[in-house]
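Enquirer: This structure is in structure tokens; I'll ask about it shortly.
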Amino acid sequence: MFCPSCGTNAKEGDLFCTSCGKSFAASQEIELHSFGPWGVNTCFSRPGTFVWMQKNNTKVILTNQRISGLSSFNNSPRFQVNYSDIIAKENFDYRLNLGPWKVLWLKYREAEKIKEVSIMCFGPASSNITTAFEIIQNNSPRI
Ligand SMILES: [Zn+2]
């Protein structure tokens, strides 16, 4: 578990952050939705013809605080975006190979850098993108 306020790695069961003192009681991280790895592509820009994509190997997890993409090989995070760090977001269709994909594109701040990630789903998995967009919308009132 990570402190939602300062990001410090906290022990499971801690009641407050040992670094910044934030109480965890009122801010428990709750998983709201997850999908993948099958039917999910990710890339670190907007999707495009020459953009290299991770295909069918990212598991996406949405909580009430952030969206994460974990490698399906070793569970290491490919991206981790706190909703409070999102600068811009879009939900759009993209035509690639077999047909239309639904894309969730995020631009966000991470350690003073501006980063991007696109999460794409095809066919029946597309509804995950709509759901993910709504969760982010509902949990980040500033954007
Ligand atoms: Zn903290």
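Chains: A, B, ... in order of the structure tokens. Residues: from 1 per chain. Ligands: from 1, in order shown.
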Select the residues contacting ligand 1 at a distance of at most 7 Å, based on only C-alpha atoms and all ligand atoms, then format the selection as a list in words.
Expert: Cys3, Pro4, Ser5, Cys6, Gly7, Thr8, Cys17, Thr18, Ser19, Cys20, Gly21 and Lys22 of chain A
Enquirer: Pick out the residues sitting within 6 Å of stretch 126-129 of chain A, and hand them over as a PDB file with C-alpha atoms, in the first residue's frame; count only C-alpha atoms, and ignore anything fewer than 4 positions along from it in its own chain.
Expert:
```
ATOM      1  CA  LYS A 102     -11.593   2.085 -27.822  1.00  0.00           C
ATOM      2  CA  CYS A 121      -9.422  -2.461 -25.941  1.00  0.00           C
ATOM      3  CA  PHE A 122     -10.953  -4.221 -28.906  1.00  0.00           C
TER       4      PHE A 122
END
```
Enquirer: Measure the distance from atom CA of A:Ile67 to atom CA of A:Val81 in Å and round it to one decimal.
Expert: 5.3 Å
Enquirer: Would you kindly return, as a ChimeraX atom specification, each protein, DNA or RNA residue with an atom no farther than 8 Å from any atom of A:Pro100, considering only C-alpha atoms and excluding same-chain residues fewer than 6 positions away?
Expert: /A:93-94,122-123
Enquirer: Excluding stretch 136-141 of chain A and its own-chain neighbours fewer than 3 positions away, which residues fall within 10 Å of it when counting only C-alpha atoms? Please give them as a list of chain:residue names.
Expert: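 Once the adjacent positions are removed, what remains is A:Leu62, A:Thr63, A:Asn64, A:Gln65, A:Arg66, A:Ile67, A:Asn82, A:Tyr83, A:Ser84, A:Asp85, A:Ile86, A:Lys89, A:Thr131, A:Ala132, A:Phe133.
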Enquirer: Could you name the residues that touch A:Met1 at 10 Å or less, counting only C-alpha atoms, but leaving out those on the same chain fewer than 5 positions away, as an MDAnalysis selection string?
Expert: chainID A and resid 7:14 28:29
Enquirer: Would you work out the distance separating atom CA of A:Thr58 from atom CA of A:Gly36, expressed in Å to one decimal?
Expert: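 If I compute the distance from atom CA of A:Thr58 to atom CA of A:Gly36, I get 6.2 Å.
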Enquirer: Apply DSSP to the structure's backbone, then extract all residues of stretch 24-128 of chain A labelled strand (DSSP E) and return them as a count of residues only.
Expert: 62
Enquirer: Check chain A with DSSP on the backbone and list each residue it calls helix (DSSP H, G or I), as number ranges by chain.
Expert: A: 25-27, 83-85, 123-139
Enquirer: Counting only C-alpha atoms, figure out which residue out of A:Ser68, A:Gln80, A:Asn91, A:Ser45 gets nearest to A:Leu104.
Expert: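 Between A:Ser68, A:Gln80, A:Asn91, A:Ser45, the residue approaching A:Leu104 most closely is A:Asn91.
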Enquirer: Name the residues in contact with A:Gln54 at a cut-off of 8 Å, using only C-alpha atoms, excluding same-chain residues fewer than 5 positions from it; report them as a PDB file with N, CA and C atoms, in the first residue's frame.
Expert:
```pdb
ATOM      1  N   ASN A  41      -4.205  -3.482 -25.225  1.00  0.00           N
ATOM      2  CA  ASN A  41      -2.920  -2.964 -25.715  1.00  0.00           C
ATOM      3  C   ASN A  41      -2.603  -1.688 -24.937  1.00  0.00           C
ATOM      4  N   THR A  42      -1.323  -1.460 -24.687  1.00  0.00           N
ATOM      5  CA  THR A  42      -0.941  -0.192 -24.072  1.00  0.00           C
ATOM      6  C   THR A  42       0.257   0.398 -24.801  1.00  0.00           C
ATOM      7  N   CYS A  43       0.362   1.732 -24.775  1.00  0.00           N
ATOM      8  CA  CYS A  43       1.545   2.406 -25.294  1.00  0.00           C
ATOM      9  C   CYS A  43       1.705   3.724 -24.555  1.00  0.00           C
TER      10      CYS A  43
END
```
Enquirer: Residues near A:Leu106, anyone? I mean within 8 Å using only C-alpha atoms, not counting same-chain ones fewer than 5 positions away, as a list in words.
Expert: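 Listed by chain and then number, they are Ile86, Ile87, Ala88, Lys89, Glu90, Glu116, Val117 and Ser118 of chain A.
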Enquirer: Would you save the residues from that selection as a short mmCIF file (atom, residue, chain, number, x, y, z; two decimals), in the first residue's frame, using N, CA and C atoms?
Expert:
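Generated file (again-v3.cif):
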```
data_model
loop_
_atom_site.label_atom_id
_atom_site.label_comp_id
_atom_site.auth_asym_id
_atom_site.auth_seq_id
_atom_site.Cartn_x
_atom_site.Cartn_y
_atom_site.Cartn_z
N ILE A 86 -3.51 13.58 -12.95
CA ILE A 86 -3.93 13.63 -14.35
C ILE A 86 -4.15 15.08 -14.80
N ILE A 87 -3.55 15.41 -15.92
CA ILE A 87 -3.67 16.75 -16.47
C ILE A 87 -4.74 16.78 -17.56
N ALA A 88 -4.80 15.71 -18.36
CA ALA A 88 -5.79 15.64 -19.44
C ALA A 88 -6.17 14.19 -19.67
N LYS A 89 -7.40 13.98 -20.10
CA LYS A 89 -7.83 12.62 -20.43
C LYS A 89 -8.79 12.66 -21.61
N GLU A 90 -8.75 11.58 -22.40
CA GLU A 90 -9.64 11.48 -23.55
C GLU A 90 -10.05 10.04 -23.72
N GLU A 116 2.55 10.23 -20.75
CA GLU A 116 1.30 9.84 -21.41
C GLU A 116 1.17 8.34 -21.39
N VAL A 117 -0.04 7.87 -21.36
CA VAL A 117 -0.29 6.45 -21.55
C VAL A 117 -1.63 6.29 -22.30
N SER A 118 -1.65 5.31 -23.21
CA SER A 118 -2.90 4.94 -23.88
C SER A 118 -3.22 3.49 -23.54
#
```
Enquirer: May I ask which of the residues A:Glu31, A:Ile61, A:Val51, A:Phe79 is the closest one to A:Arg109, counting only C-alpha atoms?
Expert: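 Distance minimum relative to A:Arg109 lands on A:Phe79.
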